[in-house]
file upload_22.cif (mmCIF, C-alpha atoms)
data_run
loop_
_atom_site.group_PDB
_atom_site.id
_atom_site.type_symbol
_atom_site.label_atom_id
_atom_site.label_comp_id
_atom_site.auth_asym_id
_atom_site.auth_seq_id
_atom_site.Cartn_x
_atom_site.Cartn_y
_atom_site.Cartn_z
ATOM 1 C CA MET A 1 -16.711 -11.633 33.981
ATOM 2 C CA ASP A 2 -16.269 -9.605 37.179
ATOM 3 C CA LYS A 3 -19.721 -8.840 38.652
ATOM 4 C CA SER A 4 -18.668 -5.204 39.076
ATOM 5 C CA GLN A 5 -18.524 -4.910 35.298
ATOM 6 C CA TYR A 6 -22.245 -5.362 34.638
ATOM 7 C CA ILE A 7 -25.749 -4.559 35.879
ATOM 8 C CA PHE A 8 -28.714 -6.840 35.184
ATOM 9 C CA GLY A 9 -32.478 -6.491 35.312
ATOM 10 C CA ILE A 10 -34.654 -4.095 33.329
ATOM 11 C CA ARG A 11 -35.418 -1.598 36.106
ATOM 12 C CA ALA A 12 -31.824 -1.634 37.398
ATOM 13 C CA VAL A 13 -30.472 -0.905 33.922
ATOM 14 C CA ILE A 14 -32.988 1.917 33.349
ATOM 15 C CA GLU A 15 -31.944 3.484 36.658
ATOM 16 C CA ALA A 16 -28.252 3.113 35.764
ATOM 17 C CA ILE A 17 -28.828 4.881 32.441
ATOM 18 C CA GLU A 18 -30.775 7.707 34.069
ATOM 19 C CA ALA A 19 -28.082 8.057 36.760
ATOM 20 C CA GLY A 20 -25.445 8.645 34.088
ATOM 21 C CA ARG A 21 -23.420 5.466 34.671
ATOM 22 C CA ASP A 22 -20.732 4.868 32.045
ATOM 23 C CA ILE A 23 -22.265 2.036 30.036
ATOM 24 C CA ASP A 24 -20.350 0.318 27.270
ATOM 25 C CA LYS A 25 -23.396 -1.393 25.786
ATOM 26 C CA VAL A 26 -26.711 -2.955 26.771
ATOM 27 C CA LEU A 27 -27.401 -6.556 25.773
ATOM 28 C CA VAL A 28 -31.130 -7.113 25.247
ATOM 29 C CA ARG A 29 -32.878 -10.451 24.716
ATOM 30 C CA LYS A 30 -34.159 -10.640 21.148
ATOM 31 C CA ASP A 31 -37.825 -11.113 22.068
ATOM 32 C CA LEU A 32 -37.958 -8.675 24.997
ATOM 33 C CA GLY A 33 -41.315 -6.889 25.213
ATOM 34 C CA GLY A 34 -43.685 -5.406 27.772
ATOM 35 C CA ASP A 35 -44.043 -1.886 29.147
ATOM 36 C CA LEU A 36 -40.706 -1.949 30.983
ATOM 37 C CA GLY A 37 -39.002 -3.281 27.889
ATOM 38 C CA ARG A 38 -40.405 -0.409 25.846
ATOM 39 C CA GLU A 39 -39.324 2.076 28.536
ATOM 40 C CA LEU A 40 -35.801 0.634 28.426
ATOM 41 C CA THR A 41 -35.717 0.952 24.640
ATOM 42 C CA ALA A 42 -36.804 4.583 24.917
ATOM 43 C CA ARG A 43 -34.071 5.347 27.475
ATOM 44 C CA ILE A 44 -31.417 3.627 25.376
ATOM 45 C CA LYS A 45 -32.411 5.765 22.397
ATOM 46 C CA GLU A 46 -32.751 8.967 24.447
ATOM 47 C CA TYR A 47 -29.288 8.650 26.010
ATOM 48 C CA GLY A 48 -27.557 7.341 22.887
ATOM 49 C CA ILE A 49 -26.521 4.066 24.513
ATOM 50 C CA VAL A 50 -25.176 1.305 22.277
ATOM 51 C CA SER A 51 -27.407 -1.775 22.443
ATOM 52 C CA GLN A 52 -27.386 -5.231 20.906
ATOM 53 C CA LYS A 53 -30.159 -7.806 20.611
ATOM 54 C CA VAL A 54 -28.831 -11.229 21.608
ATOM 55 C CA PRO A 55 -30.164 -14.736 22.295
ATOM 56 C CA VAL A 56 -30.909 -15.524 25.924
ATOM 57 C CA GLU A 57 -28.048 -18.045 25.931
ATOM 58 C CA LYS A 58 -25.534 -15.212 25.643
ATOM 59 C CA LEU A 59 -27.064 -13.454 28.644
ATOM 60 C CA ASN A 60 -27.042 -16.706 30.619
ATOM 61 C CA ARG A 61 -23.322 -17.111 29.959
ATOM 62 C CA ILE A 62 -22.754 -13.809 31.767
ATOM 63 C CA THR A 63 -25.065 -14.524 34.700
ATOM 64 C CA MET A 64 -27.668 -17.141 35.543
ATOM 65 C CA LYS A 65 -29.388 -14.756 37.961
ATOM 66 C CA ASN A 66 -32.749 -13.206 37.081
ATOM 67 C CA HIS A 67 -31.474 -10.788 34.415
ATOM 68 C CA GLN A 68 -34.986 -10.398 32.899
ATOM 69 C CA GLY A 69 -33.425 -10.398 29.438
ATOM 70 C CA VAL A 70 -31.230 -7.323 29.972
ATOM 71 C CA ILE A 71 -27.594 -6.874 30.986
ATOM 72 C CA ALA A 72 -25.697 -3.570 30.860
ATOM 73 C CA LEU A 73 -21.926 -3.884 30.438
ATOM 74 C CA LEU A 74 -20.172 -1.054 32.256
ATOM 75 C CA SER A 75 -17.240 0.894 30.840
ATOM 76 C CA PRO A 76 -14.118 1.508 32.950
ATOM 77 C CA VAL A 77 -13.820 4.990 31.403
ATOM 78 C CA THR A 78 -15.981 7.917 30.389
ATOM 79 C CA TYR A 79 -16.017 8.306 26.627
ATOM 80 C CA TYR A 80 -15.324 11.692 25.068
ATOM 81 C CA ARG A 81 -16.926 13.259 21.974
ATOM 82 C CA LEU A 82 -14.767 14.669 19.208
ATOM 83 C CA GLU A 83 -16.964 17.745 18.828
ATOM 84 C CA THR A 84 -16.104 18.651 22.427
ATOM 85 C CA LEU A 85 -12.512 17.446 22.612
ATOM 86 C CA VAL A 86 -11.105 19.037 19.449
ATOM 87 C CA PRO A 87 -12.058 22.630 20.385
ATOM 88 C CA GLU A 88 -10.585 22.026 23.843
ATOM 89 C CA LEU A 89 -7.286 20.943 22.280
ATOM 90 C CA TYR A 90 -7.116 24.103 20.193
ATOM 91 C CA ASP A 91 -8.131 26.253 23.177
ATOM 92 C CA ARG A 92 -5.161 25.055 25.192
ATOM 93 C CA GLY A 93 -2.776 25.673 22.304
ATOM 94 C CA ALA A 94 -2.178 22.061 21.297
ATOM 95 C CA VAL A 95 -1.364 20.923 17.776
ATOM 96 C CA PRO A 96 -3.761 17.958 17.775
ATOM 97 C CA PHE A 97 -2.346 14.491 17.216
ATOM 98 C CA ILE A 98 -5.144 11.914 17.071
ATOM 99 C CA VAL A 99 -5.339 8.220 16.171
ATOM 100 C CA VAL A 100 -8.550 6.881 14.596
ATOM 101 C CA LEU A 101 -9.334 3.159 14.497
ATOM 102 C CA ASP A 102 -11.568 2.011 11.648
ATOM 103 C CA GLY A 103 -13.088 -1.386 12.414
ATOM 104 C CA ILE A 104 -10.421 -2.651 14.819
ATOM 105 C CA THR A 105 -11.983 -5.584 16.688
ATOM 106 C CA ASP A 106 -9.126 -7.330 18.471
ATOM 107 C CA THR A 107 -8.847 -6.271 22.121
ATOM 108 C CA ARG A 108 -5.129 -7.060 22.296
ATOM 109 C CA ASN A 109 -4.363 -4.896 19.289
ATOM 110 C CA PHE A 110 -6.491 -2.100 20.725
ATOM 111 C CA GLY A 111 -4.678 -2.279 24.040
ATOM 112 C CA ALA A 112 -1.268 -2.255 22.356
ATOM 113 C CA ILE A 113 -2.236 0.723 20.171
ATOM 114 C CA ALA A 114 -3.550 2.644 23.178
ATOM 115 C CA ARG A 115 -0.328 1.946 25.076
ATOM 116 C CA THR A 116 1.735 3.289 22.177
ATOM 117 C CA CYS A 117 -0.492 6.356 21.868
ATOM 118 C CA GLU A 118 -0.244 7.179 25.562
ATOM 119 C CA CYS A 119 3.543 6.818 25.533
ATOM 120 C CA ALA A 120 3.763 9.010 22.421
ATOM 121 C CA GLY A 121 1.613 11.825 23.804
ATOM 122 C CA VAL A 122 -1.259 11.303 21.369
ATOM 123 C CA ASP A 123 -4.213 13.495 22.323
ATOM 124 C CA ALA A 124 -7.003 10.968 21.754
ATOM 125 C CA VAL A 125 -7.954 7.631 20.257
ATOM 126 C CA VAL A 126 -11.191 7.418 18.238
ATOM 127 C CA ILE A 127 -13.241 4.231 17.935
ATOM 128 C CA GLY A 128 -16.635 3.428 16.425
ATOM 129 C CA GLU A 129 -19.798 2.580 18.315
ATOM 130 C CA ARG A 130 -20.493 -0.584 16.339
ATOM 131 C CA GLY A 131 -18.312 -3.244 14.742
ATOM 132 C CA SER A 132 -15.396 -2.062 16.843
ATOM 133 C CA VAL A 133 -13.515 -2.680 20.038
ATOM 134 C CA SER A 134 -14.586 -0.857 23.173
ATOM 135 C CA VAL A 135 -12.916 0.010 26.467
ATOM 136 C CA THR A 136 -13.387 -3.081 28.602
ATOM 137 C CA ALA A 137 -11.477 -4.294 31.642
ATOM 138 C CA ASP A 138 -9.537 -6.666 29.360
ATOM 139 C CA ALA A 139 -8.620 -3.812 27.028
ATOM 140 C CA VAL A 140 -7.436 -1.689 29.957
ATOM 141 C CA LYS A 141 -5.292 -4.572 31.212
ATOM 142 C CA THR A 142 -3.814 -5.207 27.764
ATOM 143 C CA SER A 143 -2.989 -1.508 27.449
ATOM 144 C CA ALA A 144 -1.068 -1.643 30.754
ATOM 145 C CA GLY A 145 -3.521 0.950 32.085
ATOM 146 C CA ALA A 146 -2.954 3.391 29.235
ATOM 147 C CA LEU A 147 -6.680 3.519 28.468
ATOM 148 C CA LEU A 148 -7.229 5.104 31.863
ATOM 149 C CA HIS A 149 -4.953 8.001 30.891
ATOM 150 C CA ILE A 150 -5.768 8.819 27.272
ATOM 151 C CA PRO A 151 -9.111 10.204 26.043
ATOM 152 C CA VAL A 152 -11.125 7.729 23.983
ATOM 153 C CA CYS A 153 -13.778 9.182 21.679
ATOM 154 C CA ARG A 154 -16.578 6.847 20.654
ATOM 155 C CA GLU A 155 -18.267 7.991 17.466
ATOM 156 C CA ARG A 156 -21.319 6.695 15.628
ATOM 157 C CA SER A 157 -19.568 6.814 12.231
ATOM 158 C CA ILE A 158 -15.812 6.733 11.659
ATOM 159 C CA ALA A 159 -16.233 8.277 8.209
ATOM 160 C CA ASP A 160 -18.210 11.165 9.706
ATOM 161 C CA ALA A 161 -15.577 11.515 12.434
ATOM 162 C CA VAL A 162 -12.869 11.779 9.783
ATOM 163 C CA ARG A 163 -14.850 14.427 7.924
ATOM 164 C CA PHE A 164 -15.317 16.358 11.173
ATOM 165 C CA LEU A 165 -11.577 16.256 11.824
ATOM 166 C CA ARG A 166 -10.875 17.595 8.348
ATOM 167 C CA GLU A 167 -13.422 20.382 8.797
ATOM 168 C CA SER A 168 -11.660 21.215 12.073
ATOM 169 C CA GLY A 169 -8.366 21.868 10.317
ATOM 170 C CA ILE A 170 -6.795 18.493 11.074
ATOM 171 C CA HIS A 171 -4.920 16.722 8.277
ATOM 172 C CA VAL A 172 -6.169 13.125 8.127
ATOM 173 C CA VAL A 173 -3.704 10.463 6.968
ATOM 174 C CA GLY A 174 -4.981 6.967 6.279
ATOM 175 C CA ALA A 175 -2.532 4.089 6.625
ATOM 176 C CA SER A 176 -2.989 2.026 3.474
ATOM 177 C CA GLU A 177 -1.014 -0.035 1.001
ATOM 178 C CA LYS A 178 -3.123 1.528 -1.794
ATOM 179 C CA THR A 179 -0.650 4.341 -2.371
ATOM 180 C CA ASP A 180 2.965 4.881 -3.405
ATOM 181 C CA THR A 181 3.383 7.697 -0.861
ATOM 182 C CA LEU A 182 5.470 6.597 2.115
ATOM 183 C CA TYR A 183 4.483 7.462 5.671
ATOM 184 C CA THR A 184 7.739 9.388 6.083
ATOM 185 C CA GLU A 185 6.609 11.801 3.361
ATOM 186 C CA GLN A 186 3.637 13.025 5.424
ATOM 187 C CA ASP A 187 4.000 16.272 7.375
ATOM 188 C CA MET A 188 2.845 15.417 10.898
ATOM 189 C CA THR A 189 3.979 18.673 12.488
ATOM 190 C CA VAL A 190 0.603 20.142 11.539
ATOM 191 C CA PRO A 191 -2.622 19.086 13.312
ATOM 192 C CA THR A 192 -2.770 15.417 12.316
ATOM 193 C CA ALA A 193 -5.020 12.386 12.614
ATOM 194 C CA VAL A 194 -3.699 8.955 11.651
ATOM 195 C CA VAL A 195 -6.327 6.387 10.654
ATOM 196 C CA MET A 196 -5.606 2.675 11.054
ATOM 197 C CA GLY A 197 -7.813 0.074 9.385
ATOM 198 C CA ALA A 198 -9.217 -3.287 10.416
ATOM 199 C CA GLU A 199 -6.845 -6.184 10.961
ATOM 200 C CA ASP A 200 -8.107 -8.167 7.974
ATOM 201 C CA VAL A 201 -9.404 -5.687 5.384
ATOM 202 C CA GLY A 202 -7.737 -2.368 6.205
ATOM 203 C CA LEU A 203 -9.551 0.943 5.805
ATOM 204 C CA SER A 204 -13.103 0.934 4.490
ATOM 205 C CA ASP A 205 -13.685 2.556 1.111
ATOM 206 C CA GLU A 206 -15.802 5.313 2.680
ATOM 207 C CA VAL A 207 -13.054 6.187 5.145
ATOM 208 C CA ILE A 208 -10.421 6.162 2.397
ATOM 209 C CA ARG A 209 -12.499 8.677 0.444
ATOM 210 C CA ALA A 210 -12.848 10.851 3.556
ATOM 211 C CA CYS A 211 -9.101 11.035 4.275
ATOM 212 C CA ASP A 212 -6.911 13.904 3.053
ATOM 213 C CA SER A 213 -4.136 11.522 2.018
ATOM 214 C CA LEU A 214 -2.929 7.936 2.264
ATOM 215 C CA ALA A 215 0.443 6.718 3.464
ATOM 216 C CA ALA A 216 2.092 3.329 3.118
ATOM 217 C CA ILE A 217 4.625 1.545 5.292
ATOM 218 C CA PRO A 218 7.035 -0.357 3.018
ATOM 219 C CA VAL A 219 6.906 -4.141 3.373
ATOM 220 C CA ILE A 220 9.949 -5.847 1.903
ATOM 221 C CA GLY A 221 9.583 -9.414 3.164
ATOM 222 C CA HIS A 222 7.262 -12.209 2.078
ATOM 223 C CA ILE A 223 4.402 -11.467 4.480
ATOM 224 C CA GLU A 224 2.132 -8.826 2.964
ATOM 225 C CA SER A 225 1.369 -6.649 5.984
ATOM 226 C CA LEU A 226 2.318 -5.726 9.526
ATOM 227 C CA ASN A 227 0.163 -6.388 12.566
ATOM 228 C CA VAL A 228 -2.049 -3.311 12.975
ATOM 229 C CA SER A 229 -0.676 -2.460 16.408
ATOM 230 C CA VAL A 230 2.875 -2.521 15.045
ATOM 231 C CA ALA A 231 1.851 -0.452 12.017
ATOM 232 C CA ALA A 232 0.176 2.071 14.320
ATOM 233 C CA ALA A 233 3.358 2.338 16.370
ATOM 234 C CA VAL A 234 5.407 2.996 13.235
ATOM 235 C CA MET A 235 3.025 5.737 12.084
ATOM 236 C CA VAL A 236 2.674 7.360 15.497
ATOM 237 C CA TYR A 237 6.378 7.452 16.215
ATOM 238 C CA GLU A 238 7.071 9.020 12.848
ATOM 239 C CA GLY A 239 4.835 11.816 14.096
ATOM 240 C CA VAL A 240 6.823 11.919 17.341
ATOM 241 C CA ARG A 241 10.111 12.061 15.424
ATOM 242 C CA GLN A 242 8.936 14.917 13.227
ATOM 243 C CA ARG A 243 7.468 16.908 16.094
ATOM 244 C CA LEU A 244 10.555 16.531 18.274
ATOM 245 C CA ALA A 245 12.744 17.572 15.331
ATOM 246 C CA ALA A 246 10.497 20.630 14.901
ATOM 247 C CA GLY A 247 11.043 21.553 18.531
ATOM 248 C CA PHE A 248 7.860 20.438 20.262
ATOM 249 C CA ALA A 249 6.583 17.240 21.815
ATOM 250 C CA ALA A 250 3.961 15.037 20.180
ATOM 251 C CA GLY A 251 0.474 16.030 21.249
ATOM 252 C CA LYS A 252 1.573 19.593 22.105
#
call {"tool": "encode", "arguments": {"input": "upload_22.cif", "output": "structure tokens"}}
result
Amino acid sequence: MDKSQYIFGIRAVIEAIEAGRDIDKVLVRKDLGGDLGRELTARIKEYGIVSQKVPVEKLNRITMKNHQGVIALLSPVTYYRLETLVPELYDRGAVPFIVVLDGITDTRNFGAIARTCECAGVDAVVIGERGSVSVTADAVKTSAGALLHIPVCRERSIADAVRFLRESGIHVVGASEKTDTLYTEQDMTVPTAVVMGAEDVGLSDEVIRACDSLAAIPVIGHIESLNVSVAAAVMVYEGVRQRLAAGFAAGK
């Protein structure tokens, strides 16, 4: 890992948090204690930073320097919040086109999806805080730099994010094989969010219940499903096709 991608040491990490550095997550040794440790925990909670308790061996694999049981992994981008971004989209006259990722964990798939979204004029990509990919240097590289050009919203709960989108007048379409409705039957000329599920299990039940509708991509061959990045591209470019046919560009 490039040394520019992390900060180590309890006091250094506290200062980075207070200075507003873009932190992807903080790795904390499982048995970390003491006054400084408690101060770090308080700052992590106060600033809403994602943290993970890990064995010291994981920290040592990142650096053998005196990390004091704490390493902060830095993000190459500043994350957005849906509650701020969506009103901004409406204010500038956009017809929102958003892609939500429910439990996607593979960095290569994330990068490929982000690249597709940027090329297609998607307004934002939404990921979860936990059990999900994040914007790392590897993800940026895999996306061919697309993640530096498209807003990424990091939300505590994908189901809650979906409900917020619906309450904001955005039609939420979940990509799922659990429906007979084809993706081409969805109207994506209205404000739309497309939700893609995890590589192995698809959309979670809670997210399925939160969606307005489900849409399936037909699979005719022997393999049961498409790679999620390919499926995302199919869904997104159906939105592009419809929006161009309606006389405006995707994301506008």
call {"tool": "residues_near_point", "arguments": {"input": "upload_22.cif", "point": "(-10.7, 19.7, 5.1)", "cutoff": "12 Å", "atoms": "only C-alpha atoms", "output": "compact mmCIF listing (two decimals) with C-alpha atoms, keeping the file's coordinate frame"}}
result
# COMPACT_ATOMS: atom_id res chain seq x y z
CA VAL A 162 -12.87 11.78 9.78
CA ARG A 163 -14.85 14.43 7.92
CA PHE A 164 -15.32 16.36 11.17
CA LEU A 165 -11.58 16.26 11.82
CA ARG A 166 -10.88 17.60 8.35
CA GLU A 167 -13.42 20.38 8.80
CA SER A 168 -11.66 21.22 12.07
CA GLY A 169 -8.37 21.87 10.32
CA ILE A 170 -6.80 18.49 11.07
CA HIS A 171 -4.92 16.72 8.28
CA VAL A 172 -6.17 13.12 8.13
CA VAL A 173 -3.70 10.46 6.97
CA PRO A 191 -2.62 19.09 13.31
CA THR A 192 -2.77 15.42 12.32
CA ALA A 193 -5.02 12.39 12.61
CA ALA A 210 -12.85 10.85 3.56
CA CYS A 211 -9.10 11.04 4.28
CA ASP A 212 -6.91 13.90 3.05
CA SER A 213 -4.14 11.52 2.02
call {"tool": "resolve_selection", "arguments": {"input": "upload_22.cif", "expression": "the PyMOL selection byres ((chain A and resi 30) around 12)", "output": "count of residues only"}}
result
19
call {"tool": "resolve_selection", "arguments": {"input": "upload_22.cif", "expression": "the PyMOL selection byres ((chain A and resi 47) around 12)", "output": "ChimeraX atom specification"}}
result
/A:14,16-23,25-26,40-46,48-51
call {"tool": "axis_aligned_box", "arguments": {"input": "upload_22.cif", "around": "range 59-77 of chain A", "padding_each_side": "6 Å", "output": "JSON"}}
result
{"center_x": -24.4, "center_y": -6.1, "center_z": 33.3, "size_x": 33.2, "size_y": 34.1, "size_z": 21.3}
call {"tool": "closest_atom_pairs", "arguments": {"input": "upload_22.cif", "of": "range 131-184 of chain A", "to": "range 71-89 of chain A", "cutoff": "6 Å", "atoms": "all atoms listed in the file", "output": "Markdown table"}}
result
| residue | atom | partner | partner_atom | distance |
| --- | --- | --- | --- | --- |
| A:Thr136 | CA | A:Ser75 | CA | 6.0 |
| A:Val152 | CA | A:Tyr79 | CA | 5.6 |
| A:Cys153 | CA | A:Tyr80 | CA | 4.5 |
call {"tool": "residues_around", "arguments": {"input": "upload_22.cif", "residues": "range 140-150 of chain A", "least_positions_apart": "5", "cutoff": "9 Å", "atoms": "all atoms listed in the file", "output": "VMD selection string"}}
result
chain A and resid 76 to 77 107 to 119 121 to 125 135
call {"tool": "resolve_selection", "arguments": {"input": "upload_22.cif", "expression": "the PyMOL selection byres ((chain A and resi 128) around 9)", "output": "list in words"}}
result
Val100, Leu101, Asp102, Gly103, Ile104, Val126, Ile127, Glu129, Arg130, Gly131, Ser132, Val133, Ser134, Cys153, Arg154, Glu155, Arg156, Ser157 and Ile158 of chain A
call {"tool": "atom_distance", "arguments": {"input": "upload_22.cif", "atom1": "CA of Leu203 in chain A", "atom2": "CA of Ser176 in chain A"}}
result
7.0 Å
call {"tool": "closest_residue", "arguments": {"input": "upload_22.cif", "among": "A:Leu182, A:Val230, A:Ile98, A:Val207", "to": "Ala159 in chain A", "atoms": "all atoms listed in the file"}}
result
A:Val207
call {"tool": "atom_distance", "arguments": {"input": "upload_22.cif", "atom1": "CA of Arg241 in chain A", "atom2": "CA of Leu214 in chain A"}}
result
19.0 Å
call {"tool": "closest_residue", "arguments": {"input": "upload_22.cif", "among": "A:Ala175, A:Val201, A:Leu244, A:Met196", "to": "Pro218 in chain A", "atoms": "all atoms listed in the file"}}
result
A:Ala175
call {"tool": "atom_distance", "arguments": {"input": "upload_22.cif", "atom1": "CA of Asp200 in chain A", "atom2": "CA of Pro151 in chain A"}}
result
25.8 Å
call {"tool": "build_atoms", "arguments": {"input": "upload_22.cif", "residues": "range 82-102 of chain A", "atoms": "N, CA and C atoms", "output": "PDB file, in the coordinates of the input"}}
result
ATOM      1  N   LEU A  82     -15.702  13.862  19.997  1.00  0.00           N
ATOM      2  CA  LEU A  82     -14.767  14.669  19.208  1.00  0.00           C
ATOM      3  C   LEU A  82     -15.189  16.129  19.143  1.00  0.00           C
ATOM      4  N   GLU A  83     -16.484  16.369  18.994  1.00  0.00           N
ATOM      5  CA  GLU A  83     -16.964  17.745  18.828  1.00  0.00           C
ATOM      6  C   GLU A  83     -16.685  18.597  20.057  1.00  0.00           C
ATOM      7  N   THR A  84     -16.465  17.938  21.201  1.00  0.00           N
ATOM      8  CA  THR A  84     -16.104  18.651  22.427  1.00  0.00           C
ATOM      9  C   THR A  84     -14.594  18.687  22.622  1.00  0.00           C
ATOM     10  N   LEU A  85     -13.953  17.570  22.341  1.00  0.00           N
ATOM     11  CA  LEU A  85     -12.512  17.446  22.612  1.00  0.00           C
ATOM     12  C   LEU A  85     -11.658  18.315  21.698  1.00  0.00           C
ATOM     13  N   VAL A  86     -11.955  18.311  20.397  1.00  0.00           N
ATOM     14  CA  VAL A  86     -11.105  19.037  19.449  1.00  0.00           C
ATOM     15  C   VAL A  86     -11.032  20.535  19.767  1.00  0.00           C
ATOM     16  N   PRO A  87     -12.166  21.217  20.006  1.00  0.00           N
ATOM     17  CA  PRO A  87     -12.058  22.630  20.385  1.00  0.00           C
ATOM     18  C   PRO A  87     -11.241  22.844  21.657  1.00  0.00           C
ATOM     19  N   GLU A  88     -11.352  21.911  22.606  1.00  0.00           N
ATOM     20  CA  GLU A  88     -10.585  22.026  23.843  1.00  0.00           C
ATOM     21  C   GLU A  88      -9.087  21.935  23.566  1.00  0.00           C
ATOM     22  N   LEU A  89      -8.701  21.067  22.635  1.00  0.00           N
ATOM     23  CA  LEU A  89      -7.286  20.943  22.280  1.00  0.00           C
ATOM     24  C   LEU A  89      -6.762  22.249  21.699  1.00  0.00           C
ATOM     25  N   TYR A  90      -7.530  22.831  20.787  1.00  0.00           N
ATOM     26  CA  TYR A  90      -7.116  24.103  20.193  1.00  0.00           C
ATOM     27  C   TYR A  90      -7.083  25.215  21.247  1.00  0.00           C
ATOM     28  N   ASP A  91      -8.056  25.207  22.152  1.00  0.00           N
ATOM     29  CA  ASP A  91      -8.131  26.253  23.177  1.00  0.00           C
ATOM     30  C   ASP A  91      -6.899  26.265  24.077  1.00  0.00           C
ATOM     31  N   ARG A  92      -6.342  25.093  24.323  1.00  0.00           N
ATOM     32  CA  ARG A  92      -5.161  25.055  25.192  1.00  0.00           C
ATOM     33  C   ARG A  92      -3.847  25.137  24.416  1.00  0.00           C
ATOM     34  N   GLY A  93      -3.962  25.432  23.117  1.00  0.00           N
ATOM     35  CA  GLY A  93      -2.776  25.673  22.304  1.00  0.00           C
ATOM     36  C   GLY A  93      -2.092  24.441  21.769  1.00  0.00           C
ATOM     37  N   ALA A  94      -2.764  23.295  21.814  1.00  0.00           N
ATOM     38  CA  ALA A  94      -2.178  22.061  21.297  1.00  0.00           C
ATOM     39  C   ALA A  94      -2.218  22.037  19.774  1.00  0.00           C
ATOM     40  N   VAL A  95      -1.314  21.257  19.198  1.00  0.00           N
ATOM     41  CA  VAL A  95      -1.364  20.923  17.776  1.00  0.00           C
ATOM     42  C   VAL A  95      -1.873  19.483  17.735  1.00  0.00           C
ATOM     43  N   PRO A  96      -3.166  19.282  17.553  1.00  0.00           N
ATOM     44  CA  PRO A  96      -3.761  17.958  17.775  1.00  0.00           C
ATOM     45  C   PRO A  96      -3.050  16.828  17.046  1.00  0.00           C
ATOM     46  N   PHE A  97      -2.907  15.727  17.763  1.00  0.00           N
ATOM     47  CA  PHE A  97      -2.346  14.491  17.216  1.00  0.00           C
ATOM     48  C   PHE A  97      -3.282  13.383  17.675  1.00  0.00           C
ATOM     49  N   ILE A  98      -4.049  12.823  16.747  1.00  0.00           N
ATOM     50  CA  ILE A  98      -5.144  11.914  17.071  1.00  0.00           C
ATOM     51  C   ILE A  98      -4.983  10.631  16.267  1.00  0.00           C
ATOM     52  N   VAL A  99      -5.349   9.507  16.867  1.00  0.00           N
ATOM     53  CA  VAL A  99      -5.339   8.220  16.171  1.00  0.00           C
ATOM     54  C   VAL A  99      -6.775   7.708  16.075  1.00  0.00           C
ATOM     55  N   VAL A 100      -7.185   7.367  14.867  1.00  0.00           N
ATOM     56  CA  VAL A 100      -8.550   6.881  14.596  1.00  0.00           C
ATOM     57  C   VAL A 100      -8.471   5.414  14.198  1.00  0.00           C
ATOM     58  N   LEU A 101      -9.318   4.593  14.786  1.00  0.00           N
ATOM     59  CA  LEU A 101      -9.334   3.159  14.497  1.00  0.00           C
ATOM     60  C   LEU A 101     -10.609   2.794  13.746  1.00  0.00           C
ATOM     61  N   ASP A 102     -10.444   2.336  12.520  1.00  0.00           N
ATOM     62  CA  ASP A 102     -11.568   2.011  11.648  1.00  0.00           C
ATOM     63  C   ASP A 102     -11.793   0.503  11.621  1.00  0.00           C
TER      64      ASP A 102
END
